[in-house]
file run_18.txt (compact mmCIF, C-alpha atoms and all ligand atoms)
# COMPACT_ATOMS: atom_id res chain seq x y z
CA MET A 829 -31.00 -8.58 -12.31
CA LYS A 830 -29.19 -5.44 -13.43
CA LYS A 831 -27.31 -3.68 -10.65
CA ILE A 832 -26.54 0.02 -10.69
CA ALA A 833 -24.97 2.46 -8.24
CA ILE A 834 -25.32 6.20 -7.65
CA LEU A 835 -22.85 8.68 -6.21
CA THR A 836 -22.66 12.43 -5.73
CA SER A 837 -19.27 14.10 -6.12
CA GLY A 838 -17.62 17.52 -5.95
CA GLY A 839 -19.47 20.53 -4.56
CA ASP A 840 -23.04 19.70 -3.61
CA SER A 841 -25.99 21.43 -5.25
CA GLN A 842 -29.70 21.70 -4.69
CA GLY A 843 -31.53 19.00 -6.61
CA MET A 844 -28.93 16.27 -6.07
CA ASN A 845 -31.35 14.53 -3.72
CA THR A 846 -34.13 14.91 -6.26
CA ALA A 847 -31.90 13.21 -8.85
CA ILE A 848 -30.97 10.39 -6.42
CA ARG A 849 -34.67 9.80 -5.80
CA ALA A 850 -35.52 9.80 -9.51
CA VAL A 851 -32.70 7.39 -10.41
CA THR A 852 -33.55 5.02 -7.55
CA LYS A 853 -37.28 4.97 -8.24
CA ALA A 854 -36.91 4.64 -12.00
CA ALA A 855 -34.34 1.84 -11.66
CA ILE A 856 -36.39 -0.13 -9.13
CA ASN A 857 -39.41 0.40 -11.36
CA LYS A 858 -37.43 -1.28 -14.16
CA GLY A 859 -36.52 -4.23 -11.98
CA MET A 860 -32.94 -3.13 -11.20
CA LYS A 861 -31.16 -3.33 -7.86
CA VAL A 862 -29.77 0.02 -6.72
CA TYR A 863 -26.75 0.77 -4.56
CA GLY A 864 -25.80 4.09 -3.01
CA ILE A 865 -22.14 5.02 -2.71
CA LYS A 866 -21.35 7.41 0.14
CA ARG A 867 -18.84 10.28 -0.25
CA GLY A 868 -18.35 10.10 -4.02
CA TYR A 869 -15.26 8.43 -5.43
CA LYS A 870 -13.77 8.29 -1.92
CA GLY A 871 -16.57 5.97 -0.83
CA MET A 872 -16.21 3.94 -4.01
CA LEU A 873 -12.53 3.39 -3.18
CA GLU A 874 -13.25 2.64 0.49
CA ASP A 875 -16.19 0.34 -0.26
CA GLN A 876 -18.86 2.56 1.31
CA ILE A 877 -21.44 0.89 -0.92
CA SER A 878 -24.83 -0.33 0.28
CA PRO A 879 -28.28 -1.00 -1.18
CA LEU A 880 -30.59 1.98 -1.70
CA THR A 881 -34.29 1.30 -1.20
CA LEU A 882 -37.49 3.16 -1.98
CA LEU A 883 -37.71 3.97 1.71
CA ASP A 884 -34.21 5.52 1.69
CA VAL A 885 -35.25 8.03 -0.98
CA SER A 886 -38.69 8.78 0.42
CA GLY A 887 -39.39 12.44 1.13
CA ILE A 888 -36.07 13.83 -0.18
CA ALA A 889 -37.16 15.47 -3.46
CA ASP A 890 -37.35 18.88 -1.79
CA LYS A 891 -34.27 18.60 0.44
CA GLY A 892 -31.02 20.44 -0.29
CA GLY A 893 -27.67 18.71 0.12
CA THR A 894 -27.17 15.05 -0.71
CA ILE A 895 -28.16 12.03 1.40
CA LEU A 896 -25.20 10.19 -0.18
CA LEU A 897 -22.79 12.90 1.05
CA SER A 898 -20.12 14.35 -1.20
CA ALA A 899 -16.35 14.44 -1.05
CA ARG A 900 -13.32 15.25 -3.14
CA LEU A 901 -10.66 12.64 -3.89
CA PRO A 902 -7.84 14.21 -5.93
CA GLU A 903 -6.12 10.77 -6.02
CA PHE A 904 -8.83 9.59 -8.41
CA LYS A 905 -6.69 11.05 -11.20
CA ASP A 906 -4.38 8.08 -10.61
CA PRO A 907 -5.36 5.05 -12.79
CA GLU A 908 -4.34 2.62 -10.03
CA VAL A 909 -6.73 4.27 -7.58
CA ARG A 910 -9.51 4.07 -10.16
CA ALA A 911 -8.77 0.37 -10.74
CA LYS A 912 -9.20 -0.36 -7.01
CA ALA A 913 -12.46 1.59 -6.91
CA ALA A 914 -13.76 -0.16 -10.05
CA ALA A 915 -12.92 -3.55 -8.50
CA ASN A 916 -15.16 -2.68 -5.55
CA LEU A 917 -18.09 -2.09 -7.90
CA LYS A 918 -17.45 -5.32 -9.76
CA LYS A 919 -17.36 -7.21 -6.44
CA TYR A 920 -21.07 -6.38 -6.08
CA GLY A 921 -21.79 -7.17 -9.72
CA ILE A 922 -22.56 -3.48 -10.39
CA ASP A 923 -22.05 -2.50 -14.01
CA GLY A 924 -23.95 0.79 -14.24
CA LEU A 925 -22.98 3.94 -12.36
CA VAL A 926 -24.79 7.27 -12.22
CA VAL A 927 -22.43 10.09 -11.28
CA ILE A 928 -24.04 13.35 -10.16
CA GLY A 929 -21.52 16.20 -10.13
CA GLY A 930 -19.58 18.72 -12.16
CA ASP A 931 -17.03 18.36 -14.92
CA GLY A 932 -14.33 17.07 -12.53
CA SER A 933 -16.64 14.24 -11.50
CA PHE A 934 -17.40 13.63 -15.18
CA HIS A 935 -13.67 13.14 -15.84
CA GLY A 936 -13.65 10.35 -13.26
CA ALA A 937 -16.76 8.76 -14.82
CA HIS A 938 -15.19 9.01 -18.27
CA TYR A 939 -12.10 7.08 -17.17
CA LEU A 940 -14.16 4.42 -15.36
CA TYR A 941 -15.96 3.75 -18.63
CA GLU A 942 -12.87 3.86 -20.85
CA GLU A 943 -10.61 1.81 -18.56
CA HIS A 944 -13.03 -0.58 -16.86
CA GLY A 945 -16.15 -0.70 -19.03
CA ILE A 946 -18.39 0.53 -16.22
CA LYS A 947 -21.49 2.01 -17.83
CA THR A 948 -21.21 5.48 -16.37
CA ILE A 949 -23.83 8.17 -16.96
CA GLY A 950 -23.21 11.72 -15.73
CA ILE A 951 -25.94 14.01 -14.45
CA PRO A 952 -24.67 17.62 -14.29
CA GLY A 953 -25.13 18.67 -10.67
CA THR A 954 -23.40 21.91 -9.72
CA ILE A 955 -24.58 25.45 -9.04
CA ASP A 956 -21.83 26.79 -11.32
CA ASN A 957 -23.48 26.00 -14.69
CA ASP A 958 -20.03 25.29 -16.11
CA VAL A 959 -20.81 22.07 -17.97
CA ALA A 960 -21.28 21.92 -21.75
CA GLY A 961 -23.99 19.70 -23.21
CA THR A 962 -26.69 21.16 -21.02
CA ASP A 963 -28.23 24.62 -20.93
CA TYR A 964 -28.59 24.34 -17.17
CA THR A 965 -26.96 22.24 -14.46
CA VAL A 966 -29.01 20.93 -11.55
CA GLY A 967 -28.79 23.50 -8.72
CA TYR A 968 -27.99 26.53 -10.87
CA ASP A 969 -31.55 27.89 -10.90
CA THR A 970 -31.90 27.56 -7.12
CA ALA A 971 -28.57 29.28 -6.50
CA LEU A 972 -29.54 32.06 -8.91
CA ASN A 973 -32.75 32.66 -6.98
CA ILE A 974 -30.89 32.72 -3.66
CA ILE A 975 -28.59 35.41 -5.08
CA LEU A 976 -31.59 37.42 -6.32
CA ASP A 977 -33.14 37.30 -2.87
CA ALA A 978 -29.86 38.54 -1.36
CA ILE A 979 -29.56 41.35 -3.93
CA SER A 980 -33.08 42.56 -3.11
CA LYS A 981 -32.27 42.67 0.58
CA LEU A 982 -28.94 44.40 0.02
CA LYS A 983 -30.65 46.99 -2.18
CA ASP A 984 -32.86 47.99 0.75
CA THR A 985 -30.00 48.67 3.12
CA ALA A 986 -27.76 50.05 0.36
CA THR A 987 -30.43 52.65 -0.39
CA SER A 988 -30.96 53.62 3.25
CA HIS A 989 -27.23 54.22 3.69
CA GLU A 990 -26.54 55.44 0.14
CA ARG A 991 -23.89 52.76 -0.27
CA THR A 992 -22.17 50.83 -2.99
CA TYR A 993 -22.25 47.05 -2.47
CA LEU A 994 -19.87 44.62 -4.10
CA VAL A 995 -21.64 41.26 -3.96
CA GLU A 996 -19.38 38.27 -4.56
CA VAL A 997 -21.15 35.21 -5.95
CA MET A 998 -19.96 31.67 -6.70
CA GLY A 999 -19.37 30.01 -10.06
CA ARG A 1000 -15.67 29.16 -10.03
CA ASN A 1001 -14.41 30.23 -13.46
CA CYS A 1002 -17.91 30.56 -14.88
CA GLY A 1003 -19.64 33.95 -14.77
CA ASP A 1004 -23.21 32.71 -15.38
CA LEU A 1005 -24.44 33.10 -11.78
CA ALA A 1006 -23.01 36.62 -11.66
CA LEU A 1007 -24.18 37.70 -15.10
CA TYR A 1008 -27.75 36.45 -14.83
CA SER A 1009 -28.23 37.53 -11.22
CA ALA A 1010 -27.04 40.99 -12.31
CA ILE A 1011 -29.57 41.06 -15.14
CA ALA A 1012 -32.46 39.63 -13.10
CA GLY A 1013 -31.56 41.61 -9.98
CA GLY A 1014 -31.24 44.95 -11.73
CA ALA A 1015 -27.62 45.39 -10.68
CA SER A 1016 -25.59 48.49 -11.40
CA GLY A 1017 -22.67 46.49 -12.72
CA VAL A 1018 -21.21 43.03 -13.13
CA MET A 1019 -17.72 41.59 -13.27
CA ILE A 1020 -17.17 38.09 -14.68
CA PRO A 1021 -13.97 36.18 -15.43
CA GLU A 1022 -14.84 35.72 -19.10
CA LYS A 1023 -14.79 39.46 -19.81
CA GLU A 1024 -12.16 42.08 -19.19
CA SER A 1025 -13.73 44.81 -17.07
CA SER A 1026 -12.11 48.02 -15.95
CA ILE A 1027 -12.36 49.47 -12.47
CA ASP A 1028 -12.21 52.93 -14.03
CA ASP A 1029 -15.35 52.17 -16.07
CA LEU A 1030 -17.09 50.86 -12.97
CA ALA A 1031 -16.16 54.02 -11.07
CA GLU A 1032 -17.59 56.14 -13.90
CA VAL A 1033 -20.88 54.22 -13.73
CA ILE A 1034 -21.11 54.84 -9.98
CA LYS A 1035 -20.33 58.56 -10.38
CA LYS A 1036 -22.91 58.92 -13.14
CA ARG A 1037 -25.57 57.09 -11.11
CA ARG A 1038 -24.95 59.36 -8.14
CA ALA A 1039 -24.98 62.47 -10.35
CA ASP A 1040 -28.39 61.30 -11.60
CA GLY A 1041 -29.67 61.18 -8.02
CA LYS A 1042 -29.48 57.42 -7.49
CA LEU A 1043 -28.82 56.41 -3.91
CA TYR A 1044 -27.25 52.96 -4.20
CA ASP A 1045 -25.17 50.69 -6.41
CA ILE A 1046 -25.14 46.90 -6.49
CA ILE A 1047 -22.16 45.44 -8.34
CA VAL A 1048 -22.17 41.67 -8.76
CA VAL A 1049 -18.68 40.16 -8.82
CA ALA A 1050 -18.05 36.55 -9.85
CA GLU A 1051 -15.63 34.74 -7.54
CA GLY A 1052 -13.48 33.89 -10.57
CA VAL A 1053 -12.64 37.57 -11.07
CA GLY A 1054 -10.26 37.63 -8.10
CA ASN A 1055 -10.05 39.22 -4.68
CA VAL A 1056 -13.19 41.29 -4.07
CA VAL A 1057 -11.66 43.08 -1.06
CA GLN A 1058 -8.77 44.33 -3.20
CA LEU A 1059 -11.32 45.40 -5.78
CA LYS A 1060 -13.11 47.42 -3.11
CA GLU A 1061 -9.84 49.15 -2.19
CA GLU A 1062 -9.16 50.04 -5.81
CA LEU A 1063 -12.69 51.35 -6.27
CA ALA A 1064 -12.45 53.40 -3.07
CA LYS A 1065 -9.54 55.32 -4.62
CA ARG A 1066 -11.84 56.40 -7.45
CA VAL A 1067 -15.24 57.13 -5.88
CA ASN A 1068 -16.27 58.73 -2.62
CA THR A 1069 -19.31 56.58 -1.82
CA SER A 1070 -19.31 54.24 1.16
CA ILE A 1071 -18.44 50.77 -0.19
CA ARG A 1072 -19.23 47.42 1.44
CA VAL A 1073 -18.36 43.88 0.39
CA THR A 1074 -20.81 41.01 0.86
CA ILE A 1075 -19.57 37.51 0.08
CA LEU A 1076 -22.60 35.25 -0.25
CA GLY A 1077 -20.55 32.05 0.05
CA HIS A 1078 -21.99 28.62 0.70
CA ILE A 1079 -25.49 29.92 1.42
CA GLN A 1080 -25.80 29.71 -2.36
CA ARG A 1081 -25.53 25.93 -2.24
CA GLY A 1082 -28.19 25.19 0.37
CA GLY A 1083 -31.95 25.10 0.77
CA ALA A 1084 -34.82 23.54 -1.10
CA PRO A 1085 -34.38 23.20 -4.88
CA THR A 1086 -36.69 25.30 -7.05
CA ALA A 1087 -39.43 23.62 -9.08
CA PHE A 1088 -37.21 24.07 -12.14
CA ASP A 1089 -34.31 22.19 -10.56
CA ARG A 1090 -36.56 19.43 -9.24
CA ILE A 1091 -38.14 18.82 -12.63
CA LEU A 1092 -34.74 19.00 -14.35
CA ALA A 1093 -33.15 16.56 -11.86
CA THR A 1094 -36.06 14.16 -12.26
CA ARG A 1095 -36.05 14.18 -16.06
CA LEU A 1096 -32.28 13.71 -16.19
CA GLY A 1097 -32.36 10.99 -13.52
CA VAL A 1098 -34.96 8.94 -15.36
CA ARG A 1099 -33.08 9.34 -18.66
CA ALA A 1100 -29.84 8.19 -17.01
CA VAL A 1101 -31.53 4.95 -15.97
CA GLU A 1102 -32.98 4.42 -19.44
CA LEU A 1103 -29.51 4.75 -20.96
CA ILE A 1104 -28.05 2.14 -18.60
CA GLU A 1105 -30.99 -0.12 -19.44
CA GLU A 1106 -30.01 0.34 -23.10
CA GLU A 1107 -26.49 -0.85 -22.15
CA LYS A 1108 -25.00 2.58 -22.86
CA GLY A 1109 -22.20 4.24 -20.89
CA GLY A 1110 -19.59 6.99 -21.03
CA LEU A 1111 -22.40 9.49 -21.55
CA MET A 1112 -23.85 12.56 -19.89
CA VAL A 1113 -27.44 13.74 -19.94
CA GLY A 1114 -28.49 17.35 -20.21
CA ILE A 1115 -31.28 19.70 -21.16
CA GLN A 1116 -30.91 21.67 -24.39
CA SER A 1117 -33.72 23.78 -25.84
CA GLU A 1118 -36.18 22.01 -23.50
CA GLU A 1119 -35.18 18.54 -24.76
CA VAL A 1120 -33.30 15.93 -22.75
CA THR A 1121 -30.11 15.21 -24.72
CA THR A 1122 -27.10 12.89 -24.40
CA HIS A 1123 -23.46 13.48 -25.23
CA LYS A 1124 -20.20 11.72 -24.54
CA LEU A 1125 -18.93 12.68 -21.09
CA SER A 1126 -15.92 14.44 -22.62
CA TYR A 1127 -18.30 16.82 -24.40
CA ALA A 1128 -18.82 18.47 -21.00
CA TRP A 1129 -15.33 19.97 -20.87
CA GLU A 1130 -14.30 19.90 -24.54
CA ASN A 1131 -17.17 22.13 -25.68
CA TYR A 1132 -17.49 24.48 -22.75
CA SER A 1133 -18.12 27.96 -24.06
CA LYS A 1134 -17.74 31.23 -22.28
CA ALA A 1135 -20.54 33.46 -21.00
CA SER A 1136 -22.87 35.03 -23.53
CA SER A 1137 -21.41 38.27 -24.90
CA ALA A 1138 -24.85 39.55 -25.90
CA ASP A 1139 -26.15 39.18 -22.35
CA TYR A 1140 -23.02 40.85 -20.94
CA VAL A 1141 -23.73 43.82 -23.20
CA ILE A 1142 -27.33 43.90 -21.94
CA ALA A 1143 -26.22 43.83 -18.28
CA ASN A 1144 -23.91 46.79 -18.84
CA MET A 1145 -26.38 48.71 -20.98
CA LEU A 1146 -28.85 48.71 -18.10
CA SER A 1147 -26.35 49.55 -15.36
CA LEU A 1148 -26.92 53.30 -15.34
P1 LIG B 1201 -17.95 21.30 -8.67
O1 LIG B 1201 -17.17 22.06 -9.70
O2 LIG B 1201 -19.37 21.70 -8.64
O3 LIG B 1201 -17.34 21.26 -7.32
P2 LIG B 1201 -16.80 18.94 -9.81
O4 LIG B 1201 -17.32 17.56 -10.05
O5 LIG B 1201 -16.21 19.65 -11.00
O6 LIG B 1201 -17.98 19.76 -9.16
P3 LIG B 1201 -14.18 18.53 -8.66
O7 LIG B 1201 -13.70 18.76 -7.26
O8 LIG B 1201 -13.47 19.17 -9.78
O9 LIG B 1201 -15.73 18.90 -8.63
O10 LIG B 1201 -14.16 16.95 -8.94
C1 LIG B 1201 -14.79 16.04 -8.06
C2 LIG B 1201 -14.00 14.78 -7.98
O11 LIG B 1201 -13.94 14.17 -9.27
C3 LIG B 1201 -12.53 14.95 -7.57
O12 LIG B 1201 -12.36 15.06 -6.17
C4 LIG B 1201 -11.93 13.67 -8.10
O13 LIG B 1201 -12.22 12.58 -7.24
C5 LIG B 1201 -12.70 13.49 -9.42
N1 LIG B 1201 -11.93 14.08 -10.54
C6 LIG B 1201 -11.76 15.39 -10.82
N2 LIG B 1201 -10.96 15.57 -11.89
C7 LIG B 1201 -10.59 14.34 -12.29
C8 LIG B 1201 -9.75 13.83 -13.34
N3 LIG B 1201 -9.12 14.64 -14.20
N4 LIG B 1201 -9.61 12.50 -13.44
C9 LIG B 1201 -10.23 11.66 -12.58
N5 LIG B 1201 -11.02 12.06 -11.58
C10 LIG B 1201 -11.21 13.36 -11.42
call {"tool": "encode", "arguments": {"input": "run_18.txt", "output": "C-alpha cells"}}
result
Amino acid sequence: MKKIAILTSGGDSQGMNTAIRAVTKAAINKGMKVYGIKRGYKGMLEDQISPLTLLDVSGIADKGGTILLSARLPEFKDPEVRAKAAANLKKYGIDGLVVIGGDGSFHGAHYLYEEHGIKTIGIPGTIDNDVAGTDYTVGYDTALNIILDAISKLKDTATSHERTYLVEVMGRNCGDLALYSAIAGGASGVMIPEKESSIDDLAEVIKKRRADGKLYDIIVVAEGVGNVVQLKEELAKRVNTSIRVTILGHIQRGGAPTAFDRILATRLGVRAVELIEEEKGGLMVGIQSEEVTTHKLSYAWENYSKASSADYVIANMLSL
C-alpha cells in the first residue's frame, strides 16, 4: 500500500484545511494510507507523524487555519537536519509528501526530493500570491475579500470625518493584495514594493481630490513598501487632511475560505495525489488560465514575476 504524508508550513492561509481534506480523501479513495505531520518541517524532524483518517478531515473544508498546525523551522536549510527529518518519513515507509505552503516551504520540498528521493508535491498555500507557476495561491482570494470588506468600512468612517486613511495590507514583498484590493475597492491610491511611488505624487492626488469636493481618501499600502507610520508623517508634511493608519494584520489570514479558494484547494489537492500515484515528485501544482498545471518546484521562485504594470497604471488612473 502506498503511504503518503501531508504537512502545512510557513504562514497559514484560508483553504489549507480544504486542501488537507482533498488530499486525504483522494488518497484514501485510491487505496493509499495517509499520515498527517503536525507543525510543518518541525514536526517532521520531531516525529510528530500520525495517521490521518476520513473522520479527521470531516467538516473542515470551510474552516480557516490548518488542523495540522504550521510552524517555521529555519534550521531546515541545513542538509543534516533535512536528512534526520527524511529518515523519520522513511521509518514509516512514507515515500510521498504533499507540502502546502509558500515558496520557502517549496524550497524544503525541493531538497527532500533532490537529496532523499521523497516524492514531494507542493500546493501553493499563502495569502501573498508570491509563487510562480500558479495564477493564484490558495488563500489569496479570501484575503483579498477580507481587505475589500475592511476598505468599505473604512470608507464610511473616512467620509464622515473627511479623513485620509493609509491601509496597510499583507503580501510580504508581493504587491498583489494591495494592488488588486485598491482596484476592486476603489482606492484613491496604492503603494506596492514593485513600483517606485512618490509621496509628493500621492499628496497631489489627495489635494486634487479635496479640491474636487471629495471627502475621503483610501490609500492602500503593501507591507513590503516599508514603515506606514513614517509614511503618514511624511504625508502629513504635505497635506492638511486628518490622516489615520490602519494596519489590517493577521485578520487577513483568518476566517472561512471563499468558494474560489475551496475549489482551487480541492482541485490542486486531488492533482497532487494523482501525481504521487504516477510516481512523480519534485513538482508543484498550480492553476494557470483555468487549467491545473504542474511545474518543477524550483519554478516557483525562479520564475516569479513582479506585479502587473498595466494594472498598476489602471489603479493610478482611477485614483482621482
Ligand atoms: P509564507 O511566505 O506564506 O509564510 P513560506 O512557505 O514561504 O510561506 P517560509 O517561512 O519562508 O514560509 O518557509 C517555511 C519553512 O520552509 C521554513 O521555516 C523552513 O522550515 C522551510 N524553508 C524555507 N526556506 C528554505 C530553504 N531555502 N531551504 C530549506 N527549507 C526552507
call {"tool": "closest_residue", "arguments": {"input": "run_18.txt", "among": "A:Asp958, A:Asp1040, A:Asp884, A:Glu996", "to": "ligand LIG 1201 (chain B)", "atoms": "all atoms listed in the file"}}
result
A:Asp958
call {"tool": "axis_aligned_box", "arguments": {"input": "run_18.txt", "around": "segment 1099-1112 of chain A", "padding_each_side": "4 Å", "output": "AutoDock Vina command-line options"}}
result
--center_x -26.3 --center_y 5.9 --center_z -19.5 --size_x 21.5 --size_y 21.4 --size_z 15.1
call {"tool": "atom_distance", "arguments": {"input": "run_18.txt", "atom1": "atom CA of Gly1082 of chain A", "atom2": "atom CA of Val995 of chain A"}}
result
17.9 Å
call {"tool": "residues_around", "arguments": {"input": "run_18.txt", "residues": "segment 900-916 of chain A", "least_positions_apart": "6", "cutoff": "9 Å", "atoms": "all atoms listed in the file", "output": "list in words"}}
result
Ser837, Gly838, Gly839, Arg867, Gly868, Tyr869, Lys870, Gly871, Met872, Leu873, Glu874, Asp875, Ile877, Ile922, His935, Gly936, Tyr939, Leu940, Glu943, His944 and Ile946 of chain A
call {"tool": "residues_around", "arguments": {"input": "run_18.txt", "residues": "Ile979 of chain A", "least_positions_apart": "3", "cutoff": "8 Å", "atoms": "all atoms listed in the file", "output": "short mmCIF file (atom, residue, chain, number, x, y, z; two decimals) with C-alpha atoms, in the frame of the given file"}}
result
data_model
loop_
_atom_site.label_atom_id
_atom_site.label_comp_id
_atom_site.auth_asym_id
_atom_site.auth_seq_id
_atom_site.Cartn_x
_atom_site.Cartn_y
_atom_site.Cartn_z
CA ILE A 975 -28.59 35.41 -5.08
CA LEU A 976 -31.59 37.42 -6.32
CA LEU A 982 -28.94 44.40 0.02
CA LYS A 983 -30.65 46.99 -2.18
CA VAL A 995 -21.64 41.26 -3.96
CA GLY A 1013 -31.56 41.61 -9.98
CA ILE A 1046 -25.14 46.90 -6.49
#
call {"tool": "closest_residue", "arguments": {"input": "run_18.txt", "among": "A:Ile1071, A:Leu925, A:Val1049, A:Ala960", "to": "Glu990 of chain A", "atoms": "all atoms listed in the file"}}
result
A:Ile1071
call {"tool": "residues_around", "arguments": {"input": "run_18.txt", "residues": "Val1057 of chain A", "least_positions_apart": "6", "cutoff": "10 Å", "atoms": "all atoms listed in the file", "output": "ChimeraX atom specification"}}
result
/A:994,996,1063,1072-1075
call {"tool": "write_last_selection", "arguments": {"input": "run_18.txt", "atoms": "C-alpha atoms", "output": "PDB file, in the frame of the given file"}}
result
ATOM      1  CA  LEU A 994     -19.870  44.620  -4.100  1.00  0.00           C
ATOM      2  CA  GLU A 996     -19.380  38.270  -4.560  1.00  0.00           C
ATOM      3  CA  LEU A1063     -12.690  51.350  -6.270  1.00  0.00           C
ATOM      4  CA  ARG A1072     -19.230  47.420   1.440  1.00  0.00           C
ATOM      5  CA  VAL A1073     -18.360  43.880   0.390  1.00  0.00           C
ATOM      6  CA  THR A1074     -20.810  41.010   0.860  1.00  0.00           C
ATOM      7  CA  ILE A1075     -19.570  37.510   0.080  1.00  0.00           C
TER       8      ILE A1075
END
call {"tool": "closest_residue", "arguments": {"input": "run_18.txt", "among": "A:Val927, A:Ile1142, A:Ala1031, A:Ile832", "to": "ligand LIG 1201 (chain B)", "atoms": "only C-alpha atoms and all ligand atoms"}}
result
A:Val927
call {"tool": "closest_residue", "arguments": {"input": "run_18.txt", "among": "A:Ser1070, A:Ser886, A:Ser1126, A:Ser1026", "to": "ligand LIG 1201 (chain B)", "atoms": "all atoms listed in the file"}}
result
A:Ser1126
